[in-house]
file query.txt (compact mmCIF, C-alpha atoms)
# COMPACT_ATOMS: atom_id res chain seq x y z
CA MET A 1211 0.00 0.00 0.00
CA GLY A 1212 1.32 3.43 -0.89
CA GLU A 1213 2.58 5.66 1.89
CA ALA A 1214 -0.21 8.19 1.31
CA PHE A 1215 -2.78 5.54 2.20
CA ASP A 1216 -0.94 4.19 5.24
CA LEU A 1217 -3.00 4.80 8.39
CA THR A 1218 -0.60 3.16 10.85
CA GLY A 1219 -0.86 4.88 14.22
CA LYS A 1220 -4.22 6.48 13.43
CA VAL A 1221 -7.47 5.85 15.30
CA ALA A 1222 -10.95 6.00 13.77
CA ILE A 1223 -14.54 5.84 14.97
CA ILE A 1224 -17.04 4.43 12.47
CA THR A 1225 -20.75 4.55 13.32
CA GLY A 1226 -23.34 2.19 11.88
CA ALA A 1227 -20.52 -0.32 11.62
CA SER A 1228 -22.19 -3.58 12.62
CA ARG A 1229 -22.98 -4.36 8.97
CA GLY A 1230 -23.11 -2.98 5.43
CA ILE A 1231 -21.20 0.12 4.44
CA GLY A 1232 -19.94 0.92 7.94
CA MET A 1233 -18.53 -2.56 8.43
CA ALA A 1234 -16.82 -2.44 5.03
CA ILE A 1235 -15.26 0.93 5.81
CA ALA A 1236 -14.01 -0.31 9.18
CA GLY A 1237 -12.38 -3.31 7.54
CA GLU A 1238 -10.74 -1.18 4.87
CA LEU A 1239 -9.30 1.31 7.36
CA ALA A 1240 -8.07 -1.52 9.57
CA ARG A 1241 -6.26 -3.12 6.63
CA ALA A 1242 -4.49 0.21 6.13
CA GLY A 1243 -3.15 0.02 9.68
CA CYS A 1244 -5.77 2.11 11.49
CA ALA A 1245 -7.12 1.12 14.90
CA VAL A 1246 -10.89 1.20 14.49
CA VAL A 1247 -13.72 1.64 16.97
CA VAL A 1248 -16.90 0.23 15.48
CA SER A 1249 -20.16 1.52 16.85
CA SER A 1250 -23.89 0.87 16.47
CA ARG A 1251 -26.76 0.06 18.81
CA ARG A 1252 -26.06 -3.62 19.56
CA GLN A 1253 -22.90 -4.68 21.37
CA GLU A 1254 -23.12 -8.33 20.33
CA SER A 1255 -23.01 -7.48 16.61
CA LEU A 1256 -20.11 -5.10 17.16
CA ASP A 1257 -18.15 -7.71 19.06
CA GLU A 1258 -18.49 -10.03 16.06
CA VAL A 1259 -17.22 -7.36 13.65
CA ALA A 1260 -14.31 -6.44 15.94
CA ALA A 1261 -13.39 -10.11 16.37
CA LYS A 1262 -13.18 -10.62 12.60
CA ILE A 1263 -10.97 -7.57 12.18
CA ASN A 1264 -8.71 -8.60 15.05
CA ALA A 1265 -8.49 -12.17 13.74
CA SER A 1266 -7.28 -10.86 10.38
CA GLY A 1267 -4.46 -8.89 11.98
CA GLY A 1268 -6.20 -5.58 12.52
CA GLN A 1269 -7.01 -3.72 15.70
CA ALA A 1270 -10.65 -3.13 16.55
CA LEU A 1271 -12.94 -2.43 19.48
CA GLY A 1272 -16.74 -2.43 19.52
CA ILE A 1273 -18.57 0.21 21.57
CA ALA A 1274 -22.36 0.34 21.44
CA ALA A 1275 -23.91 3.81 21.18
CA HIS A 1276 -27.23 4.95 19.74
CA ASN A 1277 -26.63 7.73 17.23
CA GLY A 1278 -29.66 9.60 18.53
CA ASP A 1279 -28.36 9.65 22.11
CA LYS A 1280 -26.09 12.63 22.76
CA ALA A 1281 -24.74 11.31 26.07
CA ALA A 1282 -23.95 7.92 24.56
CA LEU A 1283 -22.01 9.56 21.72
CA HIS A 1284 -19.91 11.57 24.15
CA GLN A 1285 -19.17 8.35 26.04
CA LEU A 1286 -18.18 6.72 22.76
CA VAL A 1287 -15.47 9.32 22.25
CA GLU A 1288 -14.37 9.17 25.89
CA ARG A 1289 -14.02 5.37 25.79
CA THR A 1290 -12.12 5.57 22.49
CA ILE A 1291 -9.62 8.01 23.97
CA ALA A 1292 -9.32 5.91 27.13
CA ARG A 1293 -8.48 2.84 25.05
CA PHE A 1294 -6.33 4.26 22.25
CA GLY A 1295 -5.21 7.66 23.54
CA ARG A 1296 -6.18 9.65 20.47
CA LEU A 1297 -8.66 10.13 17.63
CA ASP A 1298 -7.83 11.02 14.04
CA ILE A 1299 -10.75 9.94 11.85
CA LEU A 1300 -14.51 10.10 12.31
CA VAL A 1301 -16.88 8.34 9.93
CA ASN A 1302 -20.50 9.41 10.46
CA ASN A 1303 -22.33 6.55 8.76
CA ALA A 1304 -25.20 5.59 11.08
CA ALA A 1305 -28.69 6.32 9.73
CA THR A 1306 -32.31 5.26 9.97
CA ASN A 1307 -35.33 5.47 7.69
CA PRO A 1308 -38.53 4.18 9.33
CA HIS A 1309 -40.91 6.07 7.03
CA PHE A 1310 -41.76 5.32 3.38
CA GLY A 1311 -44.44 7.62 2.03
CA SER A 1312 -45.50 11.24 1.68
CA ILE A 1313 -43.82 13.73 4.02
CA LEU A 1314 -47.17 15.50 4.42
CA GLU A 1315 -48.70 12.35 5.89
CA ALA A 1316 -45.76 11.49 8.14
CA ASP A 1317 -46.23 11.58 11.89
CA ASP A 1318 -43.99 14.00 13.77
CA SER A 1319 -42.31 11.07 15.47
CA TYR A 1320 -40.79 9.99 12.13
CA TRP A 1321 -39.35 13.44 11.56
CA ARG A 1322 -37.83 13.53 15.02
CA LYS A 1323 -36.33 10.05 14.84
CA ILE A 1324 -34.82 10.49 11.38
CA LEU A 1325 -33.43 13.96 12.03
CA ASP A 1326 -32.11 13.01 15.48
CA VAL A 1327 -30.24 9.97 14.19
CA ASN A 1328 -29.26 11.08 10.68
CA LEU A 1329 -28.41 14.72 11.36
CA LEU A 1330 -28.22 15.75 15.01
CA GLY A 1331 -26.38 12.57 15.99
CA ASN A 1332 -23.64 13.45 13.53
CA VAL A 1333 -23.47 16.98 14.92
CA TRP A 1334 -23.29 15.69 18.50
CA LEU A 1335 -20.58 13.16 17.71
CA THR A 1336 -18.56 15.73 15.79
CA GLN A 1337 -18.80 18.12 18.75
CA ALA A 1338 -17.62 15.39 21.09
CA ALA A 1339 -14.77 14.36 18.78
CA LEU A 1340 -13.49 17.84 17.94
CA PRO A 1341 -11.16 18.37 20.94
CA ALA A 1342 -9.45 15.03 20.29
CA LEU A 1343 -9.06 15.78 16.58
CA GLN A 1344 -7.57 19.17 17.40
CA LYS A 1345 -5.20 17.59 19.92
CA SER A 1346 -4.03 15.19 17.19
CA GLY A 1347 -3.08 18.17 15.04
CA GLY A 1348 -5.94 17.68 12.59
CA GLY A 1349 -7.92 14.86 11.14
CA LYS A 1350 -10.64 13.64 8.84
CA ILE A 1351 -14.41 13.66 9.10
CA ILE A 1352 -16.30 11.58 6.55
CA ASN A 1353 -20.08 11.95 6.43
CA VAL A 1354 -22.06 9.32 4.57
CA ALA A 1355 -24.86 11.09 2.72
CA SER A 1356 -26.79 9.67 -0.26
CA ILE A 1357 -27.69 10.54 -3.82
CA VAL A 1358 -31.21 11.22 -2.51
CA GLY A 1359 -29.63 14.17 -0.72
CA LEU A 1360 -29.00 15.60 -4.20
CA LYS A 1361 -32.36 14.62 -5.69
CA PRO A 1362 -35.11 13.33 -3.37
CA GLY A 1363 -36.04 9.68 -3.63
CA ARG A 1364 -39.70 8.98 -4.21
CA TYR A 1365 -41.51 8.31 -0.94
CA GLN A 1366 -38.19 8.81 0.87
CA GLY A 1367 -38.75 12.48 1.58
CA ILE A 1368 -37.73 12.78 5.23
CA TYR A 1369 -34.68 10.60 4.68
CA SER A 1370 -33.78 12.64 1.58
CA ILE A 1371 -34.08 15.88 3.53
CA SER A 1372 -31.83 14.50 6.26
CA LYS A 1373 -29.20 13.56 3.70
CA ALA A 1374 -29.41 16.95 1.99
CA ALA A 1375 -28.77 18.42 5.42
CA ILE A 1376 -25.71 16.17 5.80
CA ILE A 1377 -24.29 17.58 2.58
CA SER A 1378 -24.82 21.12 3.87
CA LEU A 1379 -23.35 20.14 7.24
CA THR A 1380 -20.28 18.78 5.47
CA GLN A 1381 -19.71 22.01 3.58
CA THR A 1382 -20.30 24.12 6.68
CA LEU A 1383 -17.91 22.10 8.82
CA ALA A 1384 -15.29 22.23 6.06
CA GLN A 1385 -15.39 26.02 6.33
CA GLU A 1386 -15.35 26.09 10.12
CA LEU A 1387 -12.67 23.45 10.69
CA GLY A 1388 -10.24 24.14 7.86
CA ALA A 1389 -7.98 26.21 10.08
CA ASP A 1390 -7.70 23.24 12.45
CA ASN A 1391 -6.32 21.05 9.63
CA ILE A 1392 -9.50 18.97 9.71
CA GLN A 1393 -10.84 17.95 6.30
CA VAL A 1394 -14.56 17.23 6.08
CA ASN A 1395 -16.03 15.43 3.08
CA ALA A 1396 -19.17 13.48 2.20
CA ILE A 1397 -19.80 10.30 0.28
CA ALA A 1398 -23.14 10.03 -1.51
CA PRO A 1399 -23.79 6.37 -2.34
CA GLY A 1400 -26.40 5.24 -4.80
CA LEU A 1401 -28.29 2.00 -4.30
CA VAL A 1402 -26.04 -0.40 -2.39
CA GLN A 1403 -26.85 -4.01 -1.56
CA THR A 1404 -27.18 -3.74 2.20
CA LYS A 1405 -29.83 -4.88 4.66
CA PHE A 1406 -30.67 -1.19 5.23
CA ALA A 1407 -31.63 -0.76 1.55
CA GLN A 1408 -33.19 -4.19 1.05
CA ALA A 1409 -36.69 -2.74 0.60
CA LEU A 1410 -35.36 -1.04 -2.53
CA TRP A 1411 -33.07 -3.58 -4.19
CA GLY A 1412 -35.35 -6.40 -3.08
CA ASN A 1413 -38.19 -4.96 -5.17
CA PRO A 1414 -37.78 -6.52 -8.66
CA ASP A 1415 -39.57 -3.71 -10.51
CA LEU A 1416 -37.62 -0.97 -8.75
CA LEU A 1417 -34.35 -2.83 -9.19
CA GLU A 1418 -34.98 -3.26 -12.90
CA HIS A 1419 -35.74 0.47 -13.19
CA VAL A 1420 -32.50 1.42 -11.41
CA LEU A 1421 -30.34 -0.99 -13.41
CA ALA A 1422 -31.76 0.30 -16.69
CA GLN A 1423 -30.48 3.79 -15.80
CA THR A 1424 -27.13 2.75 -14.32
CA PRO A 1425 -24.26 2.77 -16.85
CA VAL A 1426 -22.24 0.08 -15.06
CA GLY A 1427 -25.27 -2.22 -15.07
CA ARG A 1428 -25.28 -3.21 -11.40
CA ILE A 1429 -26.00 -1.83 -7.96
CA GLY A 1430 -23.26 -1.12 -5.48
CA GLN A 1431 -21.62 -3.32 -2.88
CA PRO A 1432 -20.38 -2.00 0.48
CA GLN A 1433 -16.77 -2.41 -0.61
CA ASP A 1434 -17.42 0.04 -3.46
CA ILE A 1435 -17.84 2.74 -0.82
CA ALA A 1436 -15.01 1.61 1.43
CA GLY A 1437 -12.23 2.35 -1.06
CA LEU A 1438 -13.27 5.99 -1.34
CA ALA A 1439 -13.52 6.22 2.44
CA LEU A 1440 -9.90 5.10 2.67
CA LEU A 1441 -8.86 7.88 0.31
CA LEU A 1442 -10.75 10.47 2.36
CA ALA A 1443 -9.30 9.13 5.62
CA SER A 1444 -5.72 9.27 4.34
CA SER A 1445 -3.16 12.00 3.70
CA ALA A 1446 -3.88 11.64 -0.02
CA SER A 1447 -6.92 13.88 0.57
CA ASP A 1448 -5.22 16.59 2.63
CA PHE A 1449 -6.19 19.31 0.11
CA THR A 1450 -9.73 17.99 -0.30
CA THR A 1451 -12.48 19.37 1.91
CA GLY A 1452 -16.13 20.32 1.60
CA ALA A 1453 -16.56 17.93 -1.31
CA VAL A 1454 -19.36 15.48 -2.05
CA PHE A 1455 -18.31 12.29 -3.82
CA VAL A 1456 -21.07 10.43 -5.65
CA VAL A 1457 -20.59 6.66 -5.83
CA ASP A 1458 -23.54 5.30 -7.79
CA GLY A 1459 -22.29 3.52 -10.91
CA GLY A 1460 -23.15 6.59 -12.99
CA LEU A 1461 -26.85 6.69 -12.08
CA THR A 1462 -27.03 10.41 -11.34
CA ALA A 1463 -25.02 11.17 -14.49
CA THR A 1464 -27.96 9.89 -16.52
CA SER A 1465 -30.93 10.81 -14.33
CA LEU A 1466 -30.24 14.21 -12.75

call {"tool": "encode", "arguments": {"input": "query.txt", "output": "structure tokens"}}
result
Amino acid sequence: MGEAFDLTGKVAIITGASRGIGMAIAGELARAGCAVVVSSRRQESLDEVAAKINASGGQALGIAAHNGDKAALHQLVERTIARFGRLDILVNNAATNPHFGSILEADDSYWRKILDVNLLGNVWLTQAALPALQKSGGGKIINVASIVGLKPGRYQGIYSISKAAIISLTQTLAQELGADNIQVNAIAPGLVQTKFAQALWGNPDLLEHVLAQTPVGRIGQPQDIAGLALLLASSASDFTTGAVFVVDGGLTATSL
């Protein structure tokens, strides 16, 4: 692996890391030499992910924390520092989407849950992580958005709004943290074959519609996102901040 992508000595927190995109990113960063703290709601699932990474020669620790719980997120950072002594990389990947339908018919509880987890949780965790990143002399924040943050997905309105907000948050933080040598970027995946998105890719008609518009002729896999995350976590991206990287097999190039 090239020196620019070597993360030896670095420490990362990855949320939503018990499966899917978050788990793939954690594995990729660990292979580059980074110590990774994987987080999600369920400790048992995290222990399994951490065990696999450790068994393959990496260094990983699972710490359960709900992304909508501000106190839990602060404890996540505190326990990371207590274990590894530093923090260099934060990957805000955790998200939820319990509502599929019109935003005008959505109960307020859906708005609160989605915005708490998908937006405010990322703000809270970034606030908690900032002193440690500054102490490390700088760092990387990677926010996982979505292509529906660029163009709303049908019947995914609240989720789309939350991801549009993540893109704006990324650009705002890039402005505010540039002087601290902290680069903040977003990844906007298209349809990826994860359990989270199974309602979409598991629908044959919808899948056929998406594939017909996707130049590469397939949907994404979690590892397709992980490689870009490694770039954004490494020194190869030191002059890159406030950017949104679309990873969708060319879908938005044909449909936006």

call {"tool": "atom_distance", "arguments": {"input": "query.txt", "atom1": "atom CA of Ala1338 of chain A", "atom2": "atom CA of Ile1223 of chain A"}}
result
11.8 Å

call {"tool": "closest_residue", "arguments": {"input": "query.txt", "among": "A:Ser1372, A:Asn1395, A:Gln1269, A:Thr1290", "to": "Ala1439 of chain A", "atoms": "only C-alpha atoms"}}
result
A:Asn1395

call {"tool": "closest_atom_pairs", "arguments": {"input": "query.txt", "of": "segment 1310-1392 of chain A", "to": "segment 1270-1276 of chain A", "cutoff": "12 Å", "atoms": "only C-alpha atoms", "output": "JSON lines"}}
result
{"residue": "A:Lys1323", "atom": "CA", "partner": "A:His1276", "partner_atom": "CA", "distance": 11.5}
{"residue": "A:Asp1326", "atom": "CA", "partner": "A:His1276", "partner_atom": "CA", "distance": 10.3}
{"residue": "A:Val1327", "atom": "CA", "partner": "A:His1276", "partner_atom": "CA", "distance": 8.1}
{"residue": "A:Asn1328", "atom": "CA", "partner": "A:His1276", "partner_atom": "CA", "distance": 11.1}
{"residue": "A:Leu1330", "atom": "CA", "partner": "A:His1276", "partner_atom": "CA", "distance": 11.8}
{"residue": "A:Gly1331", "atom": "CA", "partner": "A:His1276", "partner_atom": "CA", "distance": 8.5}
{"residue": "A:Asn1332", "atom": "CA", "partner": "A:His1276", "partner_atom": "CA", "distance": 11.1}
{"residue": "A:Trp1334", "atom": "CA", "partner": "A:His1276", "partner_atom": "CA", "distance": 11.5}
{"residue": "A:Leu1335", "atom": "CA", "partner": "A:Ala1275", "partner_atom": "CA", "distance": 10.5}

call {"tool": "atom_distance", "arguments": {"input": "query.txt", "atom1": "atom CA of Leu1297 of chain A", "atom2": "atom CA of Pro1399 of chain A"}}
result
25.3 Å

call {"tool": "atom_distance", "arguments": {"input": "query.txt", "atom1": "atom CA of Ser1378 of chain A", "atom2": "atom CA of Pro1308 of chain A"}}
result
22.5 Å

call {"tool": "residues_near_point", "arguments": {"input": "query.txt", "point": "(-24.9, -4.1, 13.8)", "cutoff": "12 Å", "atoms": "only C-alpha atoms", "output": "number ranges by chain"}}
result
A: 1224-1233, 1248-1260, 1272-1276, 1304-1305, 1404-1406

call {"tool": "closest_residue", "arguments": {"input": "query.txt", "among": "A:Ile1357, A:Val1221, A:Ile1235, A:Val1333", "to": "Ile1371 of chain A", "atoms": "only C-alpha atoms"}}
result
A:Ile1357

call {"tool": "residues_around", "arguments": {"input": "query.txt", "residues": "Arg1364 of chain A", "least_positions_apart": "3", "cutoff": "10 Å", "atoms": "only C-alpha atoms", "output": "list of chain:residue names"}}
result
A:Phe1310, A:Gly1311, A:Ser1312, A:Val1358, A:Lys1361, A:Gly1367, A:Ser1370

call {"tool": "residues_around", "arguments": {"input": "query.txt", "residues": "Arg1428 of chain A", "least_positions_apart": "3", "cutoff": "8 Å", "atoms": "all atoms listed in the file", "output": "list in words"}}
result
Leu1421, Thr1424 and Gly1459 of chain A

call {"tool": "closest_residue", "arguments": {"input": "query.txt", "among": "A:Ser1346, A:Ile1376, A:Thr1382, A:Val1426", "to": "Ile1291 of chain A", "atoms": "only C-alpha atoms"}}
result
A:Ser1346

call {"tool": "closest_residue", "arguments": {"input": "query.txt", "among": "A:Leu1343, A:Ala1453, A:Val1402, A:Leu1283", "to": "Leu1387 of chain A", "atoms": "all atoms listed in the file"}}
result
A:Leu1343

call {"tool": "residues_near_point", "arguments": {"input": "query.txt", "point": "(-17.1, 13.5, -4.1)", "cutoff": "8 Å", "atoms": "only C-alpha atoms", "output": "list in words"}}
result
Asn1395, Ala1396, Ile1397, Ala1398, Ala1453, Val1454, Phe1455, Val1456 and Val1457 of chain A

call {"tool": "closest_residue", "arguments": {"input": "query.txt", "among": "A:Val1301, A:Leu1461, A:Ala1355, A:Leu1360", "to": "His1419 of chain A", "atoms": "only C-alpha atoms"}}
result
A:Leu1461

call {"tool": "residues_around", "arguments": {"input": "query.txt", "residues": "Val1420 of chain A", "least_positions_apart": "3", "cutoff": "10 Å", "atoms": "only C-alpha atoms", "output": "VMD selection string"}}
result
chain A and resid 1400 to 1401 1410 to 1411 1414 to 1417 1423 to 1425 1427 to 1429 1461 1465

call {"tool": "closest_residue", "arguments": {"input": "query.txt", "among": "A:Arg1293, A:Asp1448, A:Gly1349, A:Leu1329", "to": "Asp1279 of chain A", "atoms": "all atoms listed in the file"}}
result
A:Leu1329

call {"tool": "residues_around", "arguments": {"input": "query.txt", "residues": "Leu1314 of chain A", "least_positions_apart": "3", "cutoff": "12 Å", "atoms": "only C-alpha atoms", "output": "list in words"}}
result
His1309, Phe1310, Gly1311, Asp1317, Asp1318, Tyr1320, Trp1321, Tyr1365, Gln1366, Gly1367 and Ile1368 of chain A
